[in-house]
Amino acid sequence: MKNFLLSLLTLALLLSACAPVEEPMSDSGYAQPTQPDTAHELNPNVKPDQLQALADGNTAFAVDFYHQIRSSDGNLVYSPLSLSLALSMTLSGARGETRDEMLQALSLTILGDDLHPAFDALMRAIKASEKADLEGSAGSKFQLNLINAIWPQIGEHFEQDFLDGLAEHYGAGVNPVDYVNQLTTARKEINDWVAQQTEDKIQDLIPDDVLSTATRLVLTNAIYFNGSWAYPFLPDATQPAPFTLLDGSQVQAPMMTLPSGQLGYYQGEAFQAVSLPYLSRDFAMVLIVPDEGQFTNFEQSLSSEALQSTLSSLETQSLNLQMPKFDIETPVDAVLPLQNLGMLSAFGPADFSGMTGTKELFISDVVHKATITVDEQGTEAAAATAVVMDKSMPMQLVIDRPFLFTIVHQPTGSILFMGRVLQP
């Protein structure tokens, strides 16, 4: 079996009505920060070309980010959409150079003020495709969750326009927590929320060393996808068969068999592509299979234009298909990849004055985790992203060891006195 690149989970457009704004979840009894005054926009006024521009930008970011993380060993899965949504919520509070760099890194430079309404429309378009014709098949299913939330420090001020924008365009619930006094509890609340939204597929998204008492805000996105194939593989036909690795050696893999399905197919230069539809035909898994010995070259040359061209070139035909079952989970530290894409100042010193009215906040971490299971019946996949915002703290210096001193006339730089203290 030839090596294959799991190119996109082509969750090709996601949300008819993003989840409503949630009520605050904290039981701490502290006064809550300002809540949004604006409900989720029901009919965002977005033109088709704006929606297409956003989709194209997201595809470009997906490929750019893939190139940043593909050098890691072994299998890989991530959700470009989850990363884009969490970071675009963060972007709504960015200003100046910080905003410009984030737009460039996310390939979102052409939408201007229409960016956040376009994300709203994109999410709705994706969710609108969730309705599936189950064709009376026993055990068939199609479920799609996509939800955003923010987790501010209790008592911290956040600008009303910032909160309203997240509520209006992202349906982001506001869930106050206490990072300063109850850090462990705050982390547990966020991780439990992620687990709940992803049907327990994403556990412990935020490791125990990511949050600190300087944390003031966490922005989260969670995606859960569970879809049955339109053409299920034959359960009893799955058998161990050779799978050729990159070094030419072979392992035995559980190979599934679909004797005749109406699948999208394209024969390109040095690769083949096949599209497997789900019960909701707006969604498909697209597999790109480079020719034997060509995987590394193909992967290195992959571009968003080539990917989009492949997706648009698929044509339906009857196809006998064999492919392996697989189960992958990948945690991703997104900080270095985003910095390599040009998103530098966001990690400090940053300008997120749109969030709080000051320039005290910066991104301290971006954590991401994704999982996917593919078997004879279909696909279950989940992903979550957390953008962690910390507050800049004054530096602390304790002079508890020998030191030098000078008394300087600053206008001229003249040293009037100089000495040292070895023992006070």
# chains A, B, ... in the order shown; residues from 1 in each chain; ligands from 1
>>> select_by_dssp(residues="segment 208-304 of chain A", states="strand (DSSP E)", output="number ranges by chain")
A: 215-228, 239-244, 250-268, 271-277, 284-290
>>> write_last_selection(atoms="C-alpha atoms", output="tab-separated table (two decimals), in the first residue's frame")
chain	number	residue	atom	x	y	z
A	215	THR	CA	-2.90	34.60	33.36
A	216	ARG	CA	-5.83	36.93	32.76
A	217	LEU	CA	-7.69	35.37	29.83
A	218	VAL	CA	-7.93	32.09	27.92
A	219	LEU	CA	-9.77	31.89	24.60
A	220	THR	CA	-10.90	28.41	23.54
A	221	ASN	CA	-12.37	26.64	20.55
A	222	ALA	CA	-13.54	23.03	20.43
A	223	ILE	CA	-14.59	20.93	17.43
A	224	TYR	CA	-16.12	17.44	17.46
A	225	PHE	CA	-16.95	15.52	14.27
A	226	ASN	CA	-18.55	12.08	14.10
A	227	GLY	CA	-19.70	10.99	10.67
A	228	SER	CA	-20.68	7.69	9.08
A	239	GLN	CA	-7.56	-8.07	7.05
A	240	PRO	CA	-3.89	-7.51	7.93
A	241	ALA	CA	-1.93	-6.49	4.85
A	242	PRO	CA	1.48	-4.97	4.11
A	243	PHE	CA	1.90	-1.18	4.43
A	244	THR	CA	5.15	0.28	3.09
A	250	GLN	CA	6.85	-2.97	5.62
A	251	VAL	CA	4.48	-3.46	8.54
A	252	GLN	CA	1.17	-5.26	8.80
A	253	ALA	CA	-1.79	-2.85	8.92
A	254	PRO	CA	-5.53	-3.54	9.31
A	255	MET	CA	-6.59	-2.91	5.70
A	256	MET	CA	-10.25	-2.04	5.07
A	257	THR	CA	-12.02	-2.91	1.80
A	258	LEU	CA	-14.68	-0.99	-0.12
A	259	PRO	CA	-15.45	-3.08	-3.22
A	260	SER	CA	-17.39	-0.44	-5.18
A	261	GLY	CA	-18.16	3.06	-4.02
A	262	GLN	CA	-19.04	6.23	-5.90
A	263	LEU	CA	-15.98	8.19	-4.87
A	264	GLY	CA	-14.26	11.32	-6.10
A	265	TYR	CA	-10.97	10.47	-7.80
A	266	TYR	CA	-8.14	12.36	-9.48
A	267	GLN	CA	-4.89	11.15	-11.03
A	268	GLY	CA	-2.29	13.91	-10.76
A	271	PHE	CA	0.04	11.22	-6.98
A	272	GLN	CA	-3.54	10.01	-6.77
A	273	ALA	CA	-6.37	11.54	-4.74
A	274	VAL	CA	-9.62	10.01	-3.53
A	275	SER	CA	-12.58	11.58	-1.75
A	276	LEU	CA	-14.73	9.58	0.66
A	277	PRO	CA	-18.12	11.24	1.31
A	284	ALA	CA	-15.69	14.32	2.75
A	285	MET	CA	-12.31	12.96	3.71
A	286	VAL	CA	-9.79	13.54	0.93
A	287	LEU	CA	-6.75	11.27	0.82
A	288	ILE	CA	-3.74	12.23	-1.29
A	289	VAL	CA	-1.45	9.32	-2.12
A	290	PRO	CA	1.95	10.19	-3.63
>>> residues_around(residues="Leu87 of chain A", least_positions_apart="5", cutoff="12 Å", atoms="only C-alpha atoms", output="JSON, numbers by chain")
{"A": [58, 61, 80, 81, 82, 92, 93, 94, 99, 101, 102, 103, 105, 106, 107, 108, 116, 119, 148, 150, 166, 170, 218, 219, 220, 221, 334, 335, 338, 343, 346, 363, 365, 366, 367, 368, 384, 385, 386, 387, 388, 389]}
>>> closest_residue(among="A:Asp208, A:Asp333, A:Glu360, A:Asp178", to="Asn191 of chain A", atoms="only C-alpha atoms")
A:Asp208
>>> atom_distance(atom1="atom CA of Thr371 of chain A", atom2="atom CA of Ala383 of chain A")
6.4 Å
>>> closest_residue(among="A:Pro176, A:Pro232, A:Pro331, A:Gly57", to="Val374 of chain A", atoms="only C-alpha atoms")
A:Pro232
>>> closest_residue(among="A:Asn175, A:Thr330, A:Ser318, A:Asn340", to="Leu205 of chain A", atoms="only C-alpha atoms")
A:Thr330
>>> residues_around(residues="segment 303-307 of chain A", least_positions_apart="6", cutoff="7 Å", atoms="only C-alpha atoms", output="list in words")
Thr59, Ala60 and Val63 of chain A
>>> write_last_selection(atoms="N, CA and C atoms", output="compact mmCIF listing (two decimals), in the first residue's frame")
# COMPACT_ATOMS: atom_id res chain seq x y z
N THR A 59 -7.30 27.94 4.00
CA THR A 59 -6.56 26.87 3.34
C THR A 59 -5.07 27.21 3.27
N ALA A 60 -4.76 28.46 2.96
CA ALA A 60 -3.36 28.88 2.92
C ALA A 60 -2.71 28.72 4.30
N VAL A 63 -2.00 24.96 5.10
CA VAL A 63 -0.80 24.41 4.46
C VAL A 63 0.46 25.02 5.07
>>> atom_distance(atom1="atom CA of Lys359 of chain A", atom2="atom CA of Trp193 of chain A")
28.9 Å
>>> closest_residue(among="A:Leu51, A:Leu344, A:Ala382, A:Leu163", to="Ser79 of chain A", atoms="only C-alpha atoms")
A:Ala382
>>> atom_distance(atom1="atom CA of Leu341 of chain A", atom2="atom CA of Glu97 of chain A")
14.4 Å
>>> select_by_dssp(residues="segment 77-308 of chain A", states="helix (DSSP H, G or I)", output="PyMOL selection string")
chain A and resi 80-91+96-105+112-128+160-170+183-197+235-237+295-301+304-308
>>> write_last_selection(atoms="C-alpha atoms", output="compact mmCIF listing (two decimals), in the first residue's frame")
# COMPACT_ATOMS: atom_id res chain seq x y z
CA PRO A 80 -6.50 24.47 11.05
CA LEU A 81 -10.07 25.67 11.63
CA SER A 82 -9.83 25.34 15.40
CA LEU A 83 -6.54 27.25 15.44
CA SER A 84 -7.94 29.94 13.13
CA LEU A 85 -11.06 30.45 15.23
CA ALA A 86 -9.26 30.71 18.55
CA LEU A 87 -6.66 33.06 17.10
CA SER A 88 -9.20 35.18 15.22
CA MET A 89 -11.07 35.74 18.50
CA THR A 90 -7.75 36.87 19.97
CA LEU A 91 -7.14 39.01 16.89
CA GLY A 96 -1.24 48.02 15.45
CA GLU A 97 1.74 45.84 14.59
CA THR A 98 0.40 42.97 16.67
CA ARG A 99 -2.78 42.88 14.59
CA ASP A 100 -0.92 43.20 11.28
CA GLU A 101 1.41 40.31 12.09
CA MET A 102 -1.45 38.07 13.19
CA LEU A 103 -3.40 38.80 10.00
CA GLN A 104 -0.33 37.95 7.92
CA ALA A 105 0.43 34.74 9.80
CA GLY A 112 -10.48 44.10 6.73
CA ASP A 113 -13.43 44.93 8.98
CA ASP A 114 -15.45 42.12 7.39
CA LEU A 115 -13.19 39.45 8.90
CA HIS A 116 -15.18 38.60 12.02
CA PRO A 117 -18.63 38.65 10.32
CA ALA A 118 -17.08 36.39 7.65
CA PHE A 119 -15.96 33.89 10.32
CA ASP A 120 -19.52 33.97 11.69
CA ALA A 121 -20.94 33.23 8.24
CA LEU A 122 -18.36 30.49 7.66
CA MET A 123 -19.25 28.74 10.90
CA ARG A 124 -22.94 28.95 10.06
CA ALA A 125 -22.39 27.59 6.56
CA ILE A 126 -20.52 24.62 7.99
CA LYS A 127 -23.14 23.91 10.62
CA ALA A 128 -25.91 24.22 8.02
CA GLN A 160 -17.32 46.10 26.20
CA ASP A 161 -16.72 46.22 22.43
CA PHE A 162 -14.33 43.25 22.70
CA LEU A 163 -16.83 41.11 24.62
CA ASP A 164 -19.70 42.17 22.37
CA GLY A 165 -17.73 41.30 19.24
CA LEU A 166 -16.94 37.79 20.49
CA ALA A 167 -20.57 37.24 21.44
CA GLU A 168 -21.92 38.63 18.18
CA HIS A 169 -19.60 36.91 15.72
CA TYR A 170 -18.34 33.82 17.56
CA LEU A 183 -5.27 28.26 39.46
CA THR A 184 -5.78 24.49 39.62
CA THR A 185 -9.55 24.90 39.70
CA ALA A 186 -9.46 27.30 36.74
CA ARG A 187 -7.41 24.87 34.65
CA LYS A 188 -9.79 22.03 35.54
CA GLU A 189 -12.85 24.06 34.53
CA ILE A 190 -11.40 24.83 31.12
CA ASN A 191 -10.19 21.27 30.48
CA ASP A 192 -13.50 19.82 31.63
CA TRP A 193 -15.37 22.14 29.25
CA VAL A 194 -13.16 21.04 26.36
CA ALA A 195 -13.69 17.37 27.23
CA GLN A 196 -17.44 17.87 27.39
CA GLN A 197 -17.62 19.66 24.02
CA PRO A 235 -16.52 -4.92 8.39
CA ASP A 236 -15.79 -8.59 7.79
CA ALA A 237 -13.37 -7.86 4.95
CA PHE A 295 6.06 11.16 -0.47
CA THR A 296 8.85 13.40 0.84
CA ASN A 297 9.17 15.39 -2.39
CA PHE A 298 5.42 15.75 -2.67
CA GLU A 299 5.04 16.85 0.93
CA GLN A 300 7.80 19.45 0.63
CA SER A 301 6.22 20.96 -2.49
CA SER A 304 -2.46 25.76 -0.95
CA GLU A 305 -2.91 26.33 -4.70
CA ALA A 306 -1.99 22.72 -5.47
CA LEU A 307 -4.31 21.46 -2.74
CA GLN A 308 -7.23 23.57 -3.94
>>> residues_around(residues="Leu404 of chain A", least_positions_apart="6", cutoff="8 Å", atoms="only C-alpha atoms", output="PDB file with C-alpha atoms, in the first residue's frame")
ATOM      1  CA  MET A 418      32.249  53.844  42.781  1.00  0.00           C
ATOM      2  CA  GLY A 419      32.607  50.886  45.088  1.00  0.00           C
ATOM      3  CA  ARG A 420      31.277  47.469  46.097  1.00  0.00           C
ATOM      4  CA  VAL A 421      29.418  45.857  48.955  1.00  0.00           C
TER       5      VAL A 421
END
